[in-house]
file input_17.txt (compact mmCIF, C-alpha atoms)
# COMPACT_ATOMS: atom_id res chain seq x y z
CA MET G 21 0.00 0.00 0.00
CA ILE G 22 2.82 2.41 0.90
CA LEU G 23 4.61 1.56 -2.36
CA GLU G 24 1.46 2.29 -4.37
CA LEU G 25 1.07 5.68 -2.63
CA VAL G 26 4.66 6.59 -3.43
CA ILE G 27 4.15 5.66 -7.08
CA LEU G 28 0.91 7.67 -7.15
CA PHE G 29 2.74 10.73 -5.77
CA CYS G 30 5.44 10.29 -8.44
CA LEU G 31 2.86 10.15 -11.23
CA THR G 32 1.09 13.18 -9.79
CA GLY G 33 4.41 15.03 -9.78
CA ILE G 34 5.02 14.23 -13.45
CA ILE G 35 1.55 15.46 -14.38
CA LEU G 36 2.06 18.67 -12.37
CA VAL G 37 5.33 19.29 -14.23
CA ILE G 38 3.51 18.92 -17.56
CA LEU G 39 0.73 21.27 -16.47
CA ARG G 40 3.27 23.82 -15.19
CA LYS G 41 5.03 23.81 -18.54
CA PHE G 42 1.68 24.30 -20.31
CA SER G 43 1.02 27.26 -18.03
CA GLU G 44 4.39 28.81 -18.83
CA ILE G 45 3.72 28.50 -22.55
CA ASN G 46 0.23 30.02 -22.23
CA LYS G 47 1.72 33.04 -20.44
CA LYS G 48 4.23 33.65 -23.22
CA VAL G 49 1.95 33.29 -26.27
CA THR G 50 -0.74 35.70 -27.50
CA PRO G 51 -4.05 34.79 -29.16
CA LEU G 52 -2.25 35.20 -32.48
CA THR G 53 0.23 32.47 -31.63
CA THR G 54 -2.33 29.77 -30.77
CA GLU G 55 -0.96 27.41 -33.39
CA LYS G 56 2.57 27.78 -32.03
CA SER G 57 1.23 27.20 -28.52
CA ALA G 58 -0.49 23.98 -29.61
CA LYS G 59 2.70 22.74 -31.23
CA ALA G 60 4.66 23.58 -28.09
CA LYS G 61 2.19 21.60 -26.02
CA GLU G 62 2.48 18.65 -28.39
CA ALA G 63 6.25 18.77 -28.07
CA ILE G 64 6.04 18.70 -24.29
CA LEU G 65 3.58 15.84 -24.36
CA GLU G 66 5.78 13.88 -26.73
CA LYS G 67 8.65 14.36 -24.31
CA GLU G 68 6.82 13.68 -21.04
CA LEU G 69 4.25 11.01 -21.90
CA PRO G 70 6.81 8.24 -22.48
CA LYS G 71 7.99 8.84 -18.91
CA VAL G 72 4.43 8.44 -17.63
CA LYS G 73 3.92 5.27 -19.66
CA GLU G 74 7.18 3.83 -18.38
CA GLN G 75 6.18 4.59 -14.80
CA LEU G 76 2.82 2.90 -15.33
CA LYS G 77 4.56 -0.20 -16.68
CA LYS G 78 6.75 -0.32 -13.57
CA THR G 79 3.68 0.05 -11.35
CA GLN G 80 1.94 -2.84 -13.10
CA ALA G 81 5.04 -5.01 -12.82
CA GLN G 82 5.29 -4.30 -9.10
CA LYS G 83 1.64 -5.26 -8.55
CA GLU G 84 2.05 -8.59 -10.30
CA PRO G 85 3.82 -11.13 -8.07
CA ALA G 86 6.75 -12.96 -9.58
CA PRO G 87 5.80 -16.50 -10.55
CA GLU G 88 7.21 -19.24 -8.35
CA ASP G 89 9.76 -21.56 -9.90
CA LYS G 90 8.90 -25.25 -10.24
CA SER G 91 11.10 -26.35 -7.35
CA THR G 92 9.42 -23.89 -4.94
CA SER G 93 5.98 -24.98 -6.10
CA LYS G 94 7.00 -28.59 -5.49
CA LEU G 95 8.20 -27.74 -1.98
CA PHE G 96 4.87 -26.10 -1.17
CA LYS G 97 3.04 -29.24 -2.30
CA GLN G 98 5.30 -31.34 -0.06
CA LEU G 99 4.63 -28.93 2.78
CA SER G 100 0.87 -29.34 2.34
CA ARG G 101 1.23 -33.13 2.58
CA TYR G 102 3.36 -32.86 5.73
CA LEU G 103 0.81 -30.59 7.39
CA LYS G 104 -2.06 -32.94 6.55
CA ARG G 105 -0.12 -35.79 8.19
CA SER G 106 0.77 -33.57 11.17
CA ASP G 107 4.44 -34.23 10.37
CA TYR G 108 5.58 -30.89 11.77
CA PRO G 109 9.37 -31.52 11.88
CA SER G 110 9.33 -32.30 8.12
CA ALA G 111 7.01 -29.32 7.49
CA GLU G 112 9.42 -27.04 9.36
CA LYS G 113 12.37 -28.22 7.23
CA CYS G 114 10.33 -27.72 4.07
CA CYS G 115 9.49 -24.12 5.06
CA ILE G 116 13.15 -23.40 5.79
CA LYS G 117 14.15 -24.77 2.37
CA ILE G 118 11.69 -22.40 0.67
CA ILE G 119 12.92 -19.45 2.75
CA THR G 120 16.53 -20.32 1.93
CA LYS G 121 15.67 -20.19 -1.79
CA ASN G 122 13.68 -16.98 -1.40
CA PRO G 123 14.04 -15.04 1.90
CA LYS G 124 11.16 -12.75 0.84
CA ASN G 125 8.55 -15.49 0.46
CA SER G 126 5.92 -14.33 2.95
CA LYS G 127 3.77 -17.47 2.52
CA ALA G 128 6.66 -19.66 3.66
CA TYR G 129 6.99 -17.59 6.85
CA GLU G 130 3.21 -17.86 7.38
CA GLN G 131 3.37 -21.64 7.13
CA LEU G 132 6.44 -21.79 9.35
CA GLY G 133 4.54 -19.79 11.95
CA THR G 134 1.64 -22.23 11.66
CA VAL G 135 4.00 -25.17 12.19
CA TYR G 136 5.38 -23.57 15.35
CA LEU G 137 1.85 -22.89 16.63
CA LYS G 138 1.01 -26.56 16.16
CA GLN G 139 4.17 -27.46 18.09
CA LYS G 140 3.25 -24.91 20.80
CA ASN G 141 6.53 -23.13 20.12
CA TYR G 142 4.95 -19.71 20.52
CA PRO G 143 8.09 -17.51 20.62
CA ASP G 144 9.28 -18.86 17.24
CA ALA G 145 5.73 -18.64 15.89
CA GLU G 146 5.73 -14.96 16.87
CA LYS G 147 9.01 -14.32 15.04
CA SER G 148 7.82 -16.15 11.92
CA PHE G 149 4.52 -14.30 11.72
CA GLN G 150 6.24 -10.97 12.42
CA LYS G 151 8.46 -11.59 9.39
CA ALA G 152 5.45 -12.60 7.30
CA VAL G 153 3.64 -9.38 8.26
CA GLU G 154 6.78 -7.36 7.52
CA LEU G 155 6.83 -8.84 4.00
CA ASP G 156 3.06 -8.60 3.45
CA SER G 157 1.20 -6.30 5.83
CA ARG G 158 -2.10 -6.99 4.03
CA SER G 159 -2.11 -10.71 4.87
CA ASP G 160 -4.93 -11.19 7.39
CA TYR G 161 -3.75 -14.79 7.88
CA ALA G 162 -0.29 -13.66 9.01
CA VAL G 163 -1.67 -10.91 11.27
CA SER G 164 -4.16 -13.33 12.85
CA GLY G 165 -1.39 -15.89 13.37
CA LEU G 166 0.68 -13.23 15.08
CA GLY G 167 -2.28 -12.54 17.37
CA LEU G 168 -2.48 -16.22 18.29
CA SER G 169 1.21 -16.40 19.09
CA TYR G 170 0.85 -13.33 21.36
CA TYR G 171 -2.26 -14.74 23.06
CA HIS G 172 -0.61 -18.03 23.96
CA GLN G 173 2.26 -16.09 25.53
CA LYS G 174 -0.25 -14.05 27.53
CA LYS G 175 0.70 -10.87 25.67
CA TYR G 176 -2.94 -9.85 25.62
CA PRO G 177 -2.68 -6.18 24.58
CA GLU G 178 -0.50 -7.18 21.62
CA ALA G 179 -2.90 -10.02 20.79
CA ILE G 180 -5.85 -7.61 20.77
CA GLU G 181 -4.01 -5.20 18.49
CA SER G 182 -3.20 -7.99 16.03
CA TYR G 183 -6.71 -9.48 16.12
CA GLU G 184 -8.26 -6.05 15.55
CA GLN G 185 -5.99 -5.58 12.55
CA ALA G 186 -6.84 -9.06 11.24
CA VAL G 187 -10.62 -8.53 11.39
CA GLY G 188 -10.10 -5.10 9.85
CA LEU G 189 -8.45 -6.78 6.87
CA ASN G 190 -11.02 -9.59 6.69
CA ASP G 191 -14.20 -9.48 8.79
CA LYS G 192 -15.75 -12.67 7.36
CA ILE G 193 -14.07 -15.22 9.65
CA ALA G 194 -16.02 -15.80 12.86
CA ARG G 195 -13.21 -17.59 14.69
CA ARG G 196 -11.08 -14.44 14.68
CA PHE G 197 -13.79 -12.50 16.52
CA ILE G 198 -13.93 -15.33 19.07
CA ASN G 199 -10.16 -15.05 19.51
CA LEU G 200 -10.48 -11.29 19.90
CA GLY G 201 -13.22 -11.73 22.52
CA SER G 202 -11.10 -14.23 24.45
CA ALA G 203 -8.20 -11.76 24.57
CA TYR G 204 -10.56 -9.06 25.88
CA ILE G 205 -11.85 -11.43 28.57
CA ALA G 206 -8.27 -12.11 29.67
CA LEU G 207 -8.01 -8.38 30.40
CA LYS G 208 -11.50 -8.34 32.00
CA LYS G 209 -12.86 -6.11 29.25
CA PHE G 210 -16.20 -7.87 29.15
CA GLU G 211 -18.21 -5.34 27.13
CA GLU G 212 -15.63 -5.42 24.33
CA ALA G 213 -15.61 -9.22 24.50
CA LYS G 214 -19.40 -9.32 24.19
CA GLU G 215 -19.31 -7.19 21.04
CA ALA G 216 -16.66 -9.44 19.51
CA TYR G 217 -18.66 -12.59 20.30
CA LYS G 218 -21.82 -10.98 18.94
CA LYS G 219 -20.10 -10.36 15.60
CA ALA G 220 -18.98 -14.00 15.50
CA THR G 221 -22.57 -15.20 15.98
CA LYS G 222 -23.74 -12.96 13.14
CA ILE G 223 -21.23 -14.58 10.81
CA GLU G 224 -22.06 -18.12 12.02
CA PRO G 225 -25.58 -17.88 13.50
CA LYS G 226 -25.92 -21.67 13.81
CA ASN G 227 -22.72 -22.28 15.71
CA LEU G 228 -23.92 -23.43 19.14
CA ARG G 229 -20.48 -23.05 20.70
CA TYR G 230 -20.24 -19.41 19.67
CA LEU G 231 -23.81 -18.77 20.83
CA GLU G 232 -22.98 -20.30 24.19
CA LEU G 233 -19.97 -18.00 24.58
CA PHE G 234 -22.12 -15.03 23.60
CA LEU G 235 -24.79 -16.08 26.11
CA ASN G 236 -22.29 -16.43 28.96
CA ILE G 237 -20.72 -13.02 28.39
CA ALA G 238 -24.17 -11.41 28.03
CA LEU G 239 -25.20 -12.88 31.39
CA LYS G 240 -21.91 -11.76 32.93
CA THR G 241 -22.51 -8.18 31.79
CA ASP G 242 -26.17 -8.40 32.90
CA ASP G 243 -27.37 -7.79 29.35
CA LYS G 244 -30.71 -9.63 29.36
CA GLY G 245 -31.54 -8.46 25.84
CA ASP G 246 -28.49 -10.06 24.28
CA ALA G 247 -28.83 -13.12 26.50
CA LYS G 248 -32.40 -13.63 25.26
CA LYS G 249 -31.26 -13.24 21.64
CA ALA G 250 -28.62 -15.92 22.16
CA LEU G 251 -31.12 -18.30 23.80
CA ASP G 252 -33.72 -17.71 21.06
CA GLN G 253 -31.12 -18.53 18.40
CA MET G 254 -30.09 -21.65 20.28
CA LEU G 255 -33.74 -22.81 20.44
CA GLU G 256 -34.14 -22.30 16.71
CA ILE G 257 -31.24 -24.71 16.19
CA ASP G 258 -32.30 -27.17 18.90
CA PRO G 259 -36.02 -26.70 19.78
CA HIS G 260 -36.01 -29.61 22.24
CA ASN G 261 -33.12 -28.40 24.36
CA ARG G 262 -34.57 -28.40 27.89
CA GLU G 263 -31.66 -26.55 29.46
CA VAL G 264 -31.99 -23.67 27.01
CA ARG G 265 -35.74 -23.52 27.66
CA ARG G 266 -35.11 -23.48 31.39
CA GLN G 267 -32.60 -20.63 31.06
CA LEU G 268 -35.00 -18.69 28.87
CA ALA G 269 -37.85 -19.12 31.36
CA GLU G 270 -35.55 -18.05 34.19
CA LEU G 271 -34.50 -14.98 32.23
CA GLU G 272 -38.10 -13.95 31.52
CA LYS G 273 -39.20 -14.05 35.17
call {"tool": "encode", "arguments": {"input": "input_17.txt", "output": "structure tokens"}}
result
Amino acid sequence: MILELVILFCLTGIILVILRKFSEINKKVTPLTTEKSAKAKEAILEKELPKVKEQLKKTQAQKEPAPEDKSTSKLFKQLSRYLKRSDYPSAEKCCIKIITKNPKNSKAYEQLGTVYLKQKNYPDAEKSFQKAVELDSRSDYAVSGLGLSYYHQKKYPEAIESYEQAVGLNDKIARRFINLGSAYIALKKFEEAKEAYKKATKIEPKNLRYLELFLNIALKTDDKGDAKKALDQMLEIDPHNREVRRQLAELEK
């Protein structure tokens, strides 16, 4: 994003230079020299437009990721197989091989971070996801992974910051709002946790586990309205649930 802004400023600068030169010509010519003025403008455009076109080509090239070579693609396929088999030592070695070939491969750092999370090696997971975010700040997966590594190390403020950034980049994954709510609960910020859980239940309205978490935090904050909403949703999913009916009746007393 920063790179695109810099390029945009550069293009704007080039256009301003062209317009300034047009202005200078217009000041010097009289109505009788309109034809000369037009030719002067054409000359400037002929000189400056190739620069603009070249800059646009560079911008397009920078937006398009370089294709992976066959050996890297093969390593990623191997990595996928290792992860499916929960063979994390082999997966770790595979990630390191990819990174050795290309130290700027953000996806390899993301997967390495995932491997370390699975191994409960949270400090190394943190370092891996930090590098992934450094290489690709728009990756919601990497930012969310960083939040998880912080959370498991009880770095709750940092976890909240990362989770907030992750849901800002992609607000369609319910589990990330649950993670955010859990981090808020760890800091006893129950109202914030309730809002996070509520968003999760809107994304996955039939997830009983999420509804239960939402119900519990609503009861804890003495929010009978939200508690009733959670119970009503739970009854829609499971109309014969006696415990839910009992809680609803108790709430309506």
call {"tool": "residues_around", "arguments": {"input": "input_17.txt", "residues": "Lys248 in chain G", "least_positions_apart": "5", "cutoff": "9 Å", "atoms": "all atoms listed in the file", "output": "PyMOL selection string"}}
result
chain G and resi 235+238+243+253+268+271-272
call {"tool": "closest_atom_pairs", "arguments": {"input": "input_17.txt", "of": "range 246-265 of chain G", "to": "range 208-231 of chain G", "cutoff": "9 Å", "atoms": "all atoms listed in the file", "output": "tab-separated table"}}
result
residue	atom	partner	partner_atom	distance
G:Asp246	CA	G:Lys218	CA	8.6
G:Ala250	CA	G:Leu231	CA	5.7
G:Leu251	CA	G:Leu231	CA	7.9
G:Gln253	CA	G:Pro225	CA	7.4
G:Met254	CA	G:Leu228	CA	6.5
G:Glu256	CA	G:Lys226	CA	8.7
G:Ile257	CA	G:Lys226	CA	6.6
call {"tool": "residues_near_point", "arguments": {"input": "input_17.txt", "point": "(7.8, -22.6, 12.9)", "cutoff": "6 Å", "atoms": "only C-alpha atoms", "output": "MDAnalysis selection string"}}
result
chainID G and resid 112 132:133 135:136 144:145
call {"tool": "atom_distance", "arguments": {"input": "input_17.txt", "atom1": "CA of Ser159 in chain G", "atom2": "CA of Ser106 in chain G"}}
result
23.9 Å
call {"tool": "closest_residue", "arguments": {"input": "input_17.txt", "among": "G:Ala111, G:Ala152, G:Leu233, G:Leu255", "to": "Ser164 in chain G", "atoms": "all atoms listed in the file"}}
result
G:Ala152
call {"tool": "residues_near_point", "arguments": {"input": "input_17.txt", "point": "(2.5, -22.6, -1.5)", "cutoff": "12 Å", "atoms": "all atoms listed in the file", "output": "PyMOL selection string"}}
result
chain G and resi 87-101+114-115+118-119+125-132
call {"tool": "write_last_selection", "arguments": {"input": "input_17.txt", "atoms": "C-alpha atoms", "output": "short mmCIF file (atom, residue, chain, number, x, y, z; two decimals), keeping the file's coordinate frame"}}
result
data_model
loop_
_atom_site.label_atom_id
_atom_site.label_comp_id
_atom_site.auth_asym_id
_atom_site.auth_seq_id
_atom_site.Cartn_x
_atom_site.Cartn_y
_atom_site.Cartn_z
CA PRO G 87 5.80 -16.50 -10.55
CA GLU G 88 7.21 -19.24 -8.35
CA ASP G 89 9.76 -21.56 -9.90
CA LYS G 90 8.90 -25.25 -10.24
CA SER G 91 11.10 -26.35 -7.35
CA THR G 92 9.42 -23.89 -4.94
CA SER G 93 5.98 -24.98 -6.10
CA LYS G 94 7.00 -28.59 -5.49
CA LEU G 95 8.20 -27.74 -1.98
CA PHE G 96 4.87 -26.10 -1.17
CA LYS G 97 3.04 -29.24 -2.30
CA GLN G 98 5.30 -31.34 -0.06
CA LEU G 99 4.63 -28.93 2.78
CA SER G 100 0.87 -29.34 2.34
CA ARG G 101 1.23 -33.13 2.58
CA CYS G 114 10.33 -27.72 4.07
CA CYS G 115 9.49 -24.12 5.06
CA ILE G 118 11.69 -22.40 0.67
CA ILE G 119 12.92 -19.45 2.75
CA ASN G 125 8.55 -15.49 0.46
CA SER G 126 5.92 -14.33 2.95
CA LYS G 127 3.77 -17.47 2.52
CA ALA G 128 6.66 -19.66 3.66
CA TYR G 129 6.99 -17.59 6.85
CA GLU G 130 3.21 -17.86 7.38
CA GLN G 131 3.37 -21.64 7.13
CA LEU G 132 6.44 -21.79 9.35
#
call {"tool": "atom_distance", "arguments": {"input": "input_17.txt", "atom1": "CA of Gly201 in chain G", "atom2": "CA of Leu155 in chain G"}}
result
27.4 Å
call {"tool": "atom_distance", "arguments": {"input": "input_17.txt", "atom1": "CA of Leu239 in chain G", "atom2": "CA of Gln267 in chain G"}}
result
10.7 Å
call {"tool": "residues_around", "arguments": {"input": "input_17.txt", "residues": "range 182-191 of chain G", "least_positions_apart": "5", "cutoff": "7 Å", "atoms": "all atoms listed in the file", "output": "PyMOL selection string"}}
result
chain G and resi 158+160+163-164+166-167+196+200
call {"tool": "residues_around", "arguments": {"input": "input_17.txt", "residues": "Lys174 in chain G", "least_positions_apart": "4", "cutoff": "9 Å", "atoms": "all atoms listed in the file", "output": "PDB file with C-alpha atoms, in the frame of the given file"}}
result
ATOM      1  CA  SER G 169       1.210 -16.400  19.090  1.00  0.00           C
ATOM      2  CA  TYR G 170       0.850 -13.330  21.360  1.00  0.00           C
ATOM      3  CA  ALA G 179      -2.900 -10.020  20.790  1.00  0.00           C
ATOM      4  CA  ALA G 203      -8.200 -11.760  24.570  1.00  0.00           C
ATOM      5  CA  ALA G 206      -8.270 -12.110  29.670  1.00  0.00           C
TER       6      ALA G 206
END
